[in-house]
>>> print(open('run17.pdb').read())   # PDB, C-alpha atoms (C1' of nucleotides)
MODEL        1
ATOM      1  CA  MET Y 155      22.203  -2.117  10.840
ATOM      2  CA  VAL Y 156      19.579  -4.792  10.508
ATOM      3  CA  ASP Y 157      19.838  -7.285   7.693
ATOM      4  CA  LYS Y 158      16.537  -7.294   5.900
ATOM      5  CA  ASP Y 159      16.891 -10.859   4.683
ATOM      6  CA  THR Y 160      17.563 -12.504   8.002
ATOM      7  CA  CYS Y 161      15.664 -10.301  10.474
ATOM      8  CA  PRO Y 162      12.504 -12.189  11.408
ATOM      9  CA  VAL Y 163      10.594  -8.991  12.111
ATOM     10  CA  CYS Y 164      11.344  -7.711   8.623
ATOM     11  CA  ARG Y 165      10.321 -10.972   7.028
ATOM     12  CA  THR Y 166       7.054 -10.991   8.902
ATOM     13  CA  ALA Y 167       6.510  -7.329   8.123
ATOM     14  CA  GLU Y 168       6.899  -8.023   4.422
ATOM     15  CA  ILE Y 169       4.068 -10.527   4.552
ATOM     16  CA  VAL Y 170       1.852  -8.553   6.844
ATOM     17  CA  CYS Y 171       2.241  -4.906   5.940
ATOM     18  CA  GLY Y 172       0.141  -4.825   2.791
ATOM     19  CA  LYS Y 173      -3.150  -3.036   3.153
ATOM     20  CA  TRP Y 174      -5.996  -5.395   4.200
ATOM     21  CA  THR Y 175      -3.702  -8.390   4.648
ATOM     22  CA  LEU Y 176      -4.167  -8.725   8.391
ATOM     23  CA  LEU Y 177      -7.884  -8.120   8.129
ATOM     24  CA  VAL Y 178      -8.200 -10.854   5.530
ATOM     25  CA  ILE Y 179      -6.403 -13.232   7.871
ATOM     26  CA  ARG Y 180      -8.586 -12.184  10.760
ATOM     27  CA  ASP Y 181     -11.712 -12.842   8.718
ATOM     28  CA  LEU Y 182     -10.460 -16.247   7.686
ATOM     29  CA  ALA Y 183      -9.647 -17.014  11.325
ATOM     30  CA  GLU Y 184     -13.193 -16.040  12.251
ATOM     31  CA  GLY Y 185     -14.626 -18.534   9.812
ATOM     32  CA  ARG Y 186     -15.297 -16.571   6.669
ATOM     33  CA  SER Y 187     -13.950 -18.520   3.747
ATOM     34  CA  ARG Y 188     -15.518 -17.480   0.466
ATOM     35  CA  PHE Y 189     -14.472 -14.639  -1.794
ATOM     36  CA  CYS Y 190     -17.758 -12.823  -1.611
ATOM     37  CA  GLU Y 191     -18.012 -13.303   2.151
ATOM     38  CA  LEU Y 192     -14.643 -11.646   2.578
ATOM     39  CA  GLU Y 193     -15.575  -8.960   0.095
ATOM     40  CA  ARG Y 194     -18.737  -8.149   2.037
ATOM     41  CA  SER Y 195     -17.038  -8.273   5.416
ATOM     42  CA  LEU Y 196     -14.132  -6.074   4.392
ATOM     43  CA  ALA Y 197     -16.305  -3.198   3.297
ATOM     44  CA  GLY Y 198     -14.290  -1.040   0.956
ATOM     45  CA  ILE Y 199     -11.793  -3.545  -0.378
ATOM     46  CA  SER Y 200     -11.677  -3.780  -4.132
ATOM     47  CA  PRO Y 201     -12.070  -7.252  -5.615
ATOM     48  CA  ARG Y 202      -8.746  -6.792  -7.331
ATOM     49  CA  THR Y 203      -6.968  -6.145  -4.040
ATOM     50  CA  LEU Y 204      -8.723  -9.056  -2.355
ATOM     51  CA  SER Y 205      -7.744 -11.301  -5.223
ATOM     52  CA  LEU Y 206      -4.124 -10.119  -5.040
ATOM     53  CA  ARG Y 207      -4.043 -10.594  -1.267
ATOM     54  CA  LEU Y 208      -5.446 -14.092  -1.394
ATOM     55  CA  ARG Y 209      -3.058 -15.053  -4.162
ATOM     56  CA  ALA Y 210      -0.061 -13.647  -2.280
ATOM     57  CA  LEU Y 211      -1.125 -15.384   0.927
ATOM     58  CA  GLU Y 212      -1.583 -18.629  -0.941
ATOM     59  CA  GLU Y 213       1.861 -18.145  -2.468
ATOM     60  CA  ALA Y 214       3.259 -17.607   1.019
ATOM     61  CA  GLY Y 215       1.595 -20.774   2.292
ATOM     62  CA  ILE Y 216      -0.681 -18.912   4.649
ATOM     63  CA  VAL Y 217      -3.994 -19.749   3.053
ATOM     64  CA  GLU Y 218      -5.086 -22.749   1.079
ATOM     65  CA  ARG Y 219      -7.469 -22.435  -1.809
ATOM     66  CA  GLN Y 220     -10.059 -25.095  -2.539
ATOM     67  CA  THR Y 221     -12.289 -24.913  -5.583
ATOM     68  CA  PHE Y 222     -15.561 -26.769  -5.898
ATOM     69  CA  PRO Y 223     -16.811 -27.309  -9.447
ATOM     70  CA  GLU Y 224     -20.381 -26.327  -8.666
ATOM     71  CA  VAL Y 225     -22.723 -23.847 -10.200
ATOM     72  CA  PRO Y 226     -22.175 -21.088  -9.440
ATOM     73  CA  PRO Y 227     -18.563 -22.017  -8.823
ATOM     74  CA  ARG Y 228     -17.482 -22.067  -5.190
ATOM     75  CA  VAL Y 229     -14.015 -21.333  -3.879
ATOM     76  CA  GLU Y 230     -13.008 -21.590  -0.248
ATOM     77  CA  TYR Y 231      -9.987 -20.122   1.401
ATOM     78  CA  VAL Y 232      -8.729 -21.683   4.622
ATOM     79  CA  LEU Y 233      -5.830 -20.751   6.872
ATOM     80  CA  THR Y 234      -2.957 -23.211   6.951
ATOM     81  CA  PRO Y 235      -1.097 -23.794  10.244
ATOM     82  CA  LYS Y 236       1.323 -21.125   9.059
ATOM     83  CA  GLY Y 237      -1.622 -18.803   8.705
ATOM     84  CA  ARG Y 238      -3.185 -19.730  12.031
ATOM     85  CA  ALA Y 239       0.137 -18.931  13.671
ATOM     86  CA  LEU Y 240      -0.548 -15.296  12.805
ATOM     87  CA  VAL Y 241      -3.706 -15.178  14.885
ATOM     88  CA  PRO Y 242      -1.876 -14.232  18.128
ATOM     89  CA  LEU Y 243      -0.544 -11.206  16.269
ATOM     90  CA  ILE Y 244      -4.085 -10.222  15.429
ATOM     91  CA  GLU Y 245      -5.157 -10.791  19.013
ATOM     92  CA  ASP Y 246      -2.379  -8.437  20.108
ATOM     93  CA  MET Y 247      -3.733  -5.876  17.704
ATOM     94  CA  ARG Y 248      -7.209  -6.321  19.140
ATOM     95  CA  VAL Y 249      -5.888  -5.838  22.651
ATOM     96  CA  TYR Y 250      -3.884  -2.800  21.596
ATOM     97  CA  GLY Y 251      -6.817  -1.290  19.751
ATOM     98  CA  ARG Y 252      -9.088  -1.750  22.731
ATOM     99  CA  GLU Y 253      -6.586  -0.414  25.188
ATOM    100  CA  TRP Y 254      -5.204   2.543  23.238
ATOM    101  CA  LEU Y 255      -7.548   3.308  20.392
ATOM    102  CA  GLY Y 256     -10.913   2.987  22.064
ATOM    103  CA  ALA Y 257     -13.699   5.504  22.052
ATOM    104  CA  ASP Y 258     -12.421   6.951  25.302
ATOM    105  CA  CYS Y 259      -9.004   7.859  23.968
ATOM    106  CA  GLU Y 260      -9.887   9.584  20.755
ATOM    107  CA  ASP Y 261      -7.206  12.179  21.366
ATOM    108  CA  GLY Y 262      -4.806   9.322  20.992
ATOM    109  CA  TYR Y 263      -2.698   9.996  24.016
ATOM    110  CA  THR Y 264      -4.567   8.925  27.126
ATOM    111  CA  PRO Y 265      -2.885   6.006  28.824
ATOM    112  CA  ALA Y 266      -5.304   3.306  29.873
ATOM    113  CA  ALA Y 267      -3.375   2.326  32.970
ATOM    114  CA  ALA Y 268      -6.439   1.427  34.985
ATOM    115  CA  ARG Y 269      -7.985  -0.741  32.305
ATOM    116  CA  GLU Y 270      -8.105  -4.510  32.706
ATOM    117  CA  PRO Y 271      -6.473  -6.564  30.007
ATOM    118  CA  ALA Y 272      -9.260  -7.448  27.619
ATOM    119  CA  VAL Y 273     -10.182 -11.053  27.059
ATOM    120  CA  ALA Y 274     -10.575 -12.117  23.448
ATOM    121  CA  ALA Y 275     -14.219 -12.067  22.525
ATOM    122  CA  ALA Y 276     -16.030 -14.806  20.678
TER
ATOM    123  CA  MET W  24     -19.826  -7.244   8.549
ATOM    124  CA  VAL W  25     -17.193  -5.581  10.635
ATOM    125  CA  ASP W  26     -17.514  -1.901  11.413
ATOM    126  CA  LYS W  27     -14.247  -0.289  10.429
ATOM    127  CA  ASP W  28     -14.627   2.552  12.897
ATOM    128  CA  THR W  29     -15.168   0.486  16.016
ATOM    129  CA  CYS W  30     -13.228  -2.692  15.300
ATOM    130  CA  PRO W  31     -10.027  -2.502  17.325
ATOM    131  CA  VAL W  32      -8.128  -4.687  14.878
ATOM    132  CA  CYS W  33      -8.971  -2.314  12.029
ATOM    133  CA  ARG W  34      -7.946   0.720  14.025
ATOM    134  CA  THR W  35      -4.621  -0.844  14.910
ATOM    135  CA  ALA W  36      -4.135  -2.001  11.330
ATOM    136  CA  GLU W  37      -4.613   1.530  10.094
ATOM    137  CA  ILE W  38      -1.730   2.709  12.242
ATOM    138  CA  VAL W  39       0.485  -0.244  11.639
ATOM    139  CA  CYS W  40       0.022  -1.279   8.038
ATOM    140  CA  GLY W  41       2.068   1.419   6.325
ATOM    141  CA  LYS W  42       5.341   0.222   4.897
ATOM    142  CA  TRP W  43       8.218   0.572   7.404
ATOM    143  CA  THR W  44       5.989   1.651  10.279
ATOM    144  CA  LEU W  45       6.557  -1.403  12.438
ATOM    145  CA  LEU W  46      10.250  -1.436  11.676
ATOM    146  CA  VAL W  47      10.560   2.197  12.724
ATOM    147  CA  ILE W  48       8.850   1.361  16.001
ATOM    148  CA  ARG W  49      11.093  -1.645  16.498
ATOM    149  CA  ASP W  50      14.171   0.489  15.958
ATOM    150  CA  LEU W  51      12.952   3.081  18.404
ATOM    151  CA  ALA W  52      12.224   0.330  20.915
ATOM    152  CA  GLU W  53      15.772  -0.943  20.473
ATOM    153  CA  GLY W  54      17.207   2.426  21.378
ATOM    154  CA  ARG W  55      17.777   4.163  18.077
ATOM    155  CA  SER W  56      16.403   7.670  18.298
ATOM    156  CA  ARG W  57      17.908   9.979  15.705
ATOM    157  CA  PHE W  58      16.768  10.475  12.151
ATOM    158  CA  CYS W  59      20.047   9.420  10.587
ATOM    159  CA  GLU W  60      20.366   6.431  12.901
ATOM    160  CA  LEU W  61      16.967   5.200  11.757
ATOM    161  CA  GLU W  62      17.816   5.994   8.173
ATOM    162  CA  ARG W  63      20.983   3.931   8.360
ATOM    163  CA  SER W  64      19.362   1.076  10.218
ATOM    164  CA  LEU W  65      16.381   0.838   7.879
ATOM    165  CA  ALA W  66      18.490   0.346   4.792
ATOM    166  CA  GLY W  67      16.386   1.250   1.794
ATOM    167  CA  ILE W  68      13.902   3.645   3.352
ATOM    168  CA  SER W  69      13.733   7.010   1.644
ATOM    169  CA  PRO W  70      14.157  10.033   3.902
ATOM    170  CA  ARG W  71      10.805  11.266   2.744
ATOM    171  CA  THR W  72       9.078   8.082   3.848
ATOM    172  CA  LEU W  73      10.896   8.099   7.180
ATOM    173  CA  SER W  74       9.897  11.694   7.705
ATOM    174  CA  LEU W  75       6.281  10.929   6.857
ATOM    175  CA  ARG W  76       6.267   7.893   9.172
ATOM    176  CA  LEU W  77       7.712   9.779  12.103
ATOM    177  CA  ARG W  78       5.295  12.613  11.583
ATOM    178  CA  ALA W  79       2.326  10.268  11.383
ATOM    179  CA  LEU W  80       3.464   8.390  14.478
ATOM    180  CA  GLU W  81       3.935  11.644  16.332
ATOM    181  CA  GLU W  82       0.458  12.677  15.217
ATOM    182  CA  ALA W  83      -0.889   9.380  16.550
ATOM    183  CA  GLY W  84       0.829   9.900  19.894
ATOM    184  CA  ILE W  85       3.139   6.949  19.419
ATOM    185  CA  VAL W  86       6.430   8.794  19.263
ATOM    186  CA  GLU W  87       7.528  12.024  20.820
ATOM    187  CA  ARG W  88       9.884  14.370  19.039
ATOM    188  CA  GLN W  89      12.482  16.401  20.883
ATOM    189  CA  THR W  90      14.660  18.924  19.098
ATOM    190  CA  PHE W  91      17.969  20.196  20.453
ATOM    191  CA  PRO W  92      19.143  23.518  19.047
ATOM    192  CA  GLU W  93      22.729  22.398  18.505
ATOM    193  CA  VAL W  94      24.987  22.443  15.529
ATOM    194  CA  PRO W  95      24.461  20.327  13.596
ATOM    195  CA  PRO W  96      20.852  20.235  14.740
ATOM    196  CA  ARG W  97      19.820  17.171  16.708
ATOM    197  CA  VAL W  98      16.362  15.656  16.852
ATOM    198  CA  GLU W  99      15.430  12.648  18.937
ATOM    199  CA  TYR W 100      12.403  10.456  18.604
ATOM    200  CA  VAL W 101      11.230   8.461  21.614
ATOM    201  CA  LEU W 102       8.367   6.015  22.022
ATOM    202  CA  THR W 103       5.530   7.154  24.248
ATOM    203  CA  PRO W 104       3.733   4.607  26.454
ATOM    204  CA  LYS W 105       1.263   4.238  23.613
ATOM    205  CA  GLY W 106       4.172   3.393  21.363
ATOM    206  CA  ARG W 107       5.806   1.011  23.792
ATOM    207  CA  ALA W 108       2.514  -0.849  24.022
ATOM    208  CA  LEU W 109       3.127  -1.939  20.418
ATOM    209  CA  VAL W 110       6.323  -3.770  21.300
ATOM    210  CA  PRO W 111       4.559  -7.068  22.165
ATOM    211  CA  LEU W 112       3.148  -7.000  18.643
ATOM    212  CA  ILE W 113       6.661  -6.729  17.278
ATOM    213  CA  GLU W 114       7.831  -9.525  19.551
ATOM    214  CA  ASP W 115       5.071 -11.711  18.159
ATOM    215  CA  MET W 116       6.292 -10.896  14.692
ATOM    216  CA  ARG W 117       9.801 -11.865  15.687
ATOM    217  CA  VAL W 118       8.561 -15.174  17.079
ATOM    218  CA  TYR W 119       6.496 -15.809  13.978
ATOM    219  CA  GLY W 120       9.370 -14.936  11.674
ATOM    220  CA  ARG W 121      11.686 -17.255  13.518
ATOM    221  CA  GLU W 122       9.201 -20.069  13.661
ATOM    222  CA  TRP W 123       7.743 -19.912  10.167
ATOM    223  CA  LEU W 124      10.009 -17.819   7.990
ATOM    224  CA  GLY W 125      13.381 -19.138   9.037
ATOM    225  CA  ALA W 126      16.030 -20.674   6.810
ATOM    226  CA  ASP W 127      14.490 -24.106   7.317
ATOM    227  CA  CYS W 128      11.119 -23.278   5.807
ATOM    228  CA  GLU W 129      12.065 -21.298   2.728
ATOM    229  CA  ASP W 130       9.422 -23.018   0.647
ATOM    230  CA  GLY W 131       6.945 -21.638   3.117
ATOM    231  CA  TYR W 132       4.367 -24.342   2.916
ATOM    232  CA  THR W 133       3.363 -27.167   5.167
ATOM    233  CA  PRO W 134       0.713 -29.204   3.382
ATOM    234  CA  ALA W 135      -2.756 -29.347   4.835
ATOM    235  CA  ALA W 136      -2.418 -33.073   5.399
ATOM    236  CA  ALA W 137      -0.063 -32.340   8.274
ATOM    237  CA  ARG W 138      -2.546 -29.993   9.885
ATOM    238  CA  GLU W 139      -3.650 -30.583  13.427
ATOM    239  CA  PRO W 140      -7.275 -30.011  14.283
ATOM    240  CA  ALA W 141      -6.335 -27.037  16.403
ATOM    241  CA  VAL W 142      -9.344 -24.913  17.239
ATOM    242  CA  ALA W 143      -9.226 -21.531  15.604
ATOM    243  CA  ALA W 144      -9.440 -18.585  17.996
ATOM    244  CA  ALA W 145     -13.058 -18.136  17.095
TER
ATOM    245  C1'  DT O  38      36.112  29.322   0.268
ATOM    246  C1'  DT O  39      35.003  24.702   0.181
ATOM    247  C1'  DG O  40      33.527  20.872   2.518
ATOM    248  C1'  DC O  41      31.193  18.461   6.262
ATOM    249  C1'  DT O  42      27.204  17.115   9.088
ATOM    250  C1'  DT O  43      22.090  16.750  10.331
ATOM    251  C1'  DG O  44      17.430  16.794   9.313
ATOM    252  C1'  DC O  45      14.867  17.333   6.538
ATOM    253  C1'  DT O  46      12.013  18.949   1.603
ATOM    254  C1'  DT O  47      11.277  18.815  -3.390
ATOM    255  C1'  DC O  48      10.868  16.547  -7.683
ATOM    256  C1'  DA O  49      10.046  13.007 -11.092
ATOM    257  C1'  DG O  50       9.040   8.421 -11.661
ATOM    258  C1'  DT O  51       7.315   3.762 -10.356
ATOM    259  C1'  DT O  52       4.487   0.809  -7.819
ATOM    260  C1'  DC O  53       0.239   0.026  -5.110
ATOM    261  C1'  DG O  54      -4.699   0.360  -4.272
ATOM    262  C1'  DT O  55      -9.441   1.873  -5.919
ATOM    263  C1'  DG O  56     -13.933   1.823  -8.230
ATOM    264  C1'  DA O  57     -16.392   0.751 -11.991
ATOM    265  C1'  DA O  58     -17.091  -2.336 -15.427
ATOM    266  C1'  DG O  59     -16.827  -6.720 -17.776
ATOM    267  C1'  DC O  60     -16.454 -11.957 -18.407
ATOM    268  C1'  DA O  61     -17.557 -16.988 -18.045
ATOM    269  C1'  DT O  62     -20.674 -20.393 -16.324
ATOM    270  C1'  DT O  63     -25.366 -22.118 -16.004
ATOM    271  C1'  DG O  64     -29.818 -22.552 -13.586
ATOM    272  C1'  DC O  65     -34.332 -19.998 -13.393
ATOM    273  C1'  DG O  66     -38.423 -17.414 -14.899
ATOM    274  C1'  DC O  67     -40.750 -16.047 -19.014
TER
ATOM    275  C1'  DG V 276     -34.320 -19.023 -26.567
ATOM    276  C1'  DC V 277     -33.613 -14.543 -23.774
ATOM    277  C1'  DG V 278     -32.488 -11.955 -20.187
ATOM    278  C1'  DC V 279     -31.330 -11.991 -15.334
ATOM    279  C1'  DA V 280     -29.017 -13.545 -11.368
ATOM    280  C1'  DA V 281     -24.888 -15.239  -8.596
ATOM    281  C1'  DT V 282     -19.897 -16.279  -7.984
ATOM    282  C1'  DG V 283     -15.192 -15.399  -8.628
ATOM    283  C1'  DC V 284     -12.704 -13.277 -10.574
ATOM    284  C1'  DT V 285      -9.960  -9.794 -14.477
ATOM    285  C1'  DT V 286      -9.268  -5.435 -16.898
ATOM    286  C1'  DC V 287      -8.959  -0.578 -17.104
ATOM    287  C1'  DA V 288      -8.084   4.158 -15.831
ATOM    288  C1'  DC V 289      -7.160   6.902 -12.130
ATOM    289  C1'  DG V 290      -5.220   8.594  -7.763
ATOM    290  C1'  DA V 291      -2.397   7.705  -3.683
ATOM    291  C1'  DA V 292       1.810   5.913  -1.793
ATOM    292  C1'  DC V 293       6.616   5.033  -2.022
ATOM    293  C1'  DT V 294      11.361   5.604  -4.133
ATOM    294  C1'  DG V 295      15.883   7.677  -5.309
ATOM    295  C1'  DA V 296      18.321  11.442  -6.294
ATOM    296  C1'  DA V 297      19.053  15.968  -5.415
ATOM    297  C1'  DG V 298      18.917  20.196  -2.820
ATOM    298  C1'  DC V 299      18.731  23.363   1.301
ATOM    299  C1'  DA V 300      19.876  25.778   5.778
ATOM    300  C1'  DA V 301      23.080  26.353   9.614
ATOM    301  C1'  DG V 302      27.541  26.713  11.283
ATOM    302  C1'  DC V 303      32.084  24.973  12.261
ATOM    303  C1'  DA V 304      36.742  23.191  10.402
ATOM    304  C1'  DA V 305      40.431  23.401   7.136
TER
ENDMDL
END
>>> encode(input="run17.pdb", output="structure tokens")
Amino acid sequence: MVDKDTCPVCRTAEIVCGKWTLLVIRDLAEGRSRFCELERSLAGISPRTLSLRLRALEEAGIVERQTFPEVPPRVEYVLTPKGRALVPLIEDMRVYGREWLGADCEDGYTPAAAREPAVAAA
Amino acid sequence: MVDKDTCPVCRTAEIVCGKWTLLVIRDLAEGRSRFCELERSLAGISPRTLSLRLRALEEAGIVERQTFPEVPPRVEYVLTPKGRALVPLIEDMRVYGREWLGADCEDGYTPAAAREPAVAAA
DNA sequence: TTGCTTGCTTCAGTTCGTGAAGCATTGCGC
DNA sequence: GCGCAATGCTTCACGAACTGAAGCAAGCAA
């Protein structure tokens, strides 16, 4: 049996498996940094969930929160190195999604053997 | 804004973000195949959740279910190619967990001052 | 007959996520 | 001054997801 406390996959899963978490990190990696930017980009997320996610990620040392005492107040969220280290994971997901979940395998079972490995897009 | 239906990261996240999902896939990749094996390995999962996960993964074409009409009944779950394609993702998680969530970074936070100007995967 | 195993399902309860609304700040038009 | 707008949240009530314990069917062993 796998020990939940020491298994690195489990520990990563605990950080990553919450709904929206990976998409928040992806958005931050792509340059979005403000609450309302994220809220608009992640169509469908509730502000409560976004707030919880950002707080948990800050707690975990994955994002850093900077407040600017302007009017209206501005808050920026930036990935720390620990957060940027998750980007390869997201790139894997992008590759997987393109290869196995694309428009041409809607039935979910068609292997994409002939497909070229996708290059990360800008 | 990102279109949830076409973005490959979102589509992968939808499959992957449920609690236990990635750990179930990891266990299958490591050779465990029977319900009770998974149940024992994933200490803490409820049989209902495991059942739901396996069913959803089967639905998604990620695992294949084979029943053997023995006594007591035997059921084996095996990763399809589409499922095995998720293993690199899990390996990335293992690497990340080891690198950033190990015993030597329990506090989980490297201050921004130490950050290198690494270019984000924009 | 009771007990044992596997692979689940059912039930009640807790936690998680949603959607709408509200709050505090203050600069702008009126 | 008054209401409106924008940002970055919080609060609330509700539904969905997950949990933990229990139960069930099948058949063989004691």
>>> atom_distance(input="run17.pdb", atom1="CA of Pro226 (chain Y)", atom2="C1' of DT282 (chain V)")
5.5 Å
>>> atom_distance(input="run17.pdb", atom1="CA of Arg76 (chain W)", atom2="CA of Lys105 (chain W)")
15.7 Å
>>> resolve_selection(input="run17.pdb", expression="the PyMOL selection byres ((chain O and resi 67) around 10)", output="PDB file with C-alpha atoms (C1' of nucleotides), keeping the file's coordinate frame")
ATOM      1  C1'  DC O  65     -34.332 -19.998 -13.393  1.00  0.00           C
ATOM      2  C1'  DG O  66     -38.423 -17.414 -14.899  1.00  0.00           C
TER       3       DG O  66
ATOM      4  C1'  DC V 277     -33.613 -14.543 -23.774  1.00  0.00           C
ATOM      5  C1'  DG V 278     -32.488 -11.955 -20.187  1.00  0.00           C
TER       6       DG V 278
END
>>> resolve_selection(input="run17.pdb", expression="the PyMOL selection byres ((chain V and resi 286-300) around 10)", output="list in words")
Arg202 of chain Y; Gly41, Lys42, Gly67, Ile68, Ser69, Pro70, Arg71 and Thr72 of chain W; DG44, DC45, DT46, DT47, DC48, DA49, DG50, DT51, DT52, DC53, DG54, DT55, DG56, DA57, DA58, DG59 and DC60 of chain O; DT285, DA301 and DG302 of chain V
>>> closest_atom_pairs(input="run17.pdb", of="chain W", to="chain O", cutoff="12 Å", atoms="all atoms listed in the file", output="CSV")
residue,atom,partner,partner_atom,distance
W:Gly41,CA,O:DC53,C1',11.7
W:Lys42,CA,O:DC53,C1',11.2
W:Arg57,CA,O:DG44,C1',9.4
W:Phe58,CA,O:DG44,C1',7.0
W:Cys59,CA,O:DT43,C1',7.6
W:Glu60,CA,O:DT43,C1',10.8
W:Leu61,CA,O:DG44,C1',11.9
W:Glu62,CA,O:DG44,C1',10.9
W:Ser69,CA,O:DC45,C1',11.5
W:Pro70,CA,O:DC45,C1',7.8
W:Arg71,CA,O:DT46,C1',7.9
W:Thr72,CA,O:DC45,C1',11.2
W:Leu73,CA,O:DC45,C1',10.1
W:Ser74,CA,O:DC45,C1',7.6
W:Leu75,CA,O:DC45,C1',10.7
W:Leu77,CA,O:DC45,C1',11.8
W:Arg78,CA,O:DC45,C1',11.8
W:Thr90,CA,O:DG44,C1',10.4
W:Phe91,CA,O:DT43,C1',11.5
W:Pro92,CA,O:DT43,C1',11.4
W:Glu93,CA,O:DT43,C1',10.0
W:Val94,CA,O:DT43,C1',8.2
W:Pro95,CA,O:DT43,C1',5.4
W:Pro96,CA,O:DT43,C1',5.8
W:Arg97,CA,O:DT43,C1',6.8
W:Val98,CA,O:DG44,C1',7.7
W:Glu99,CA,O:DG44,C1',10.7
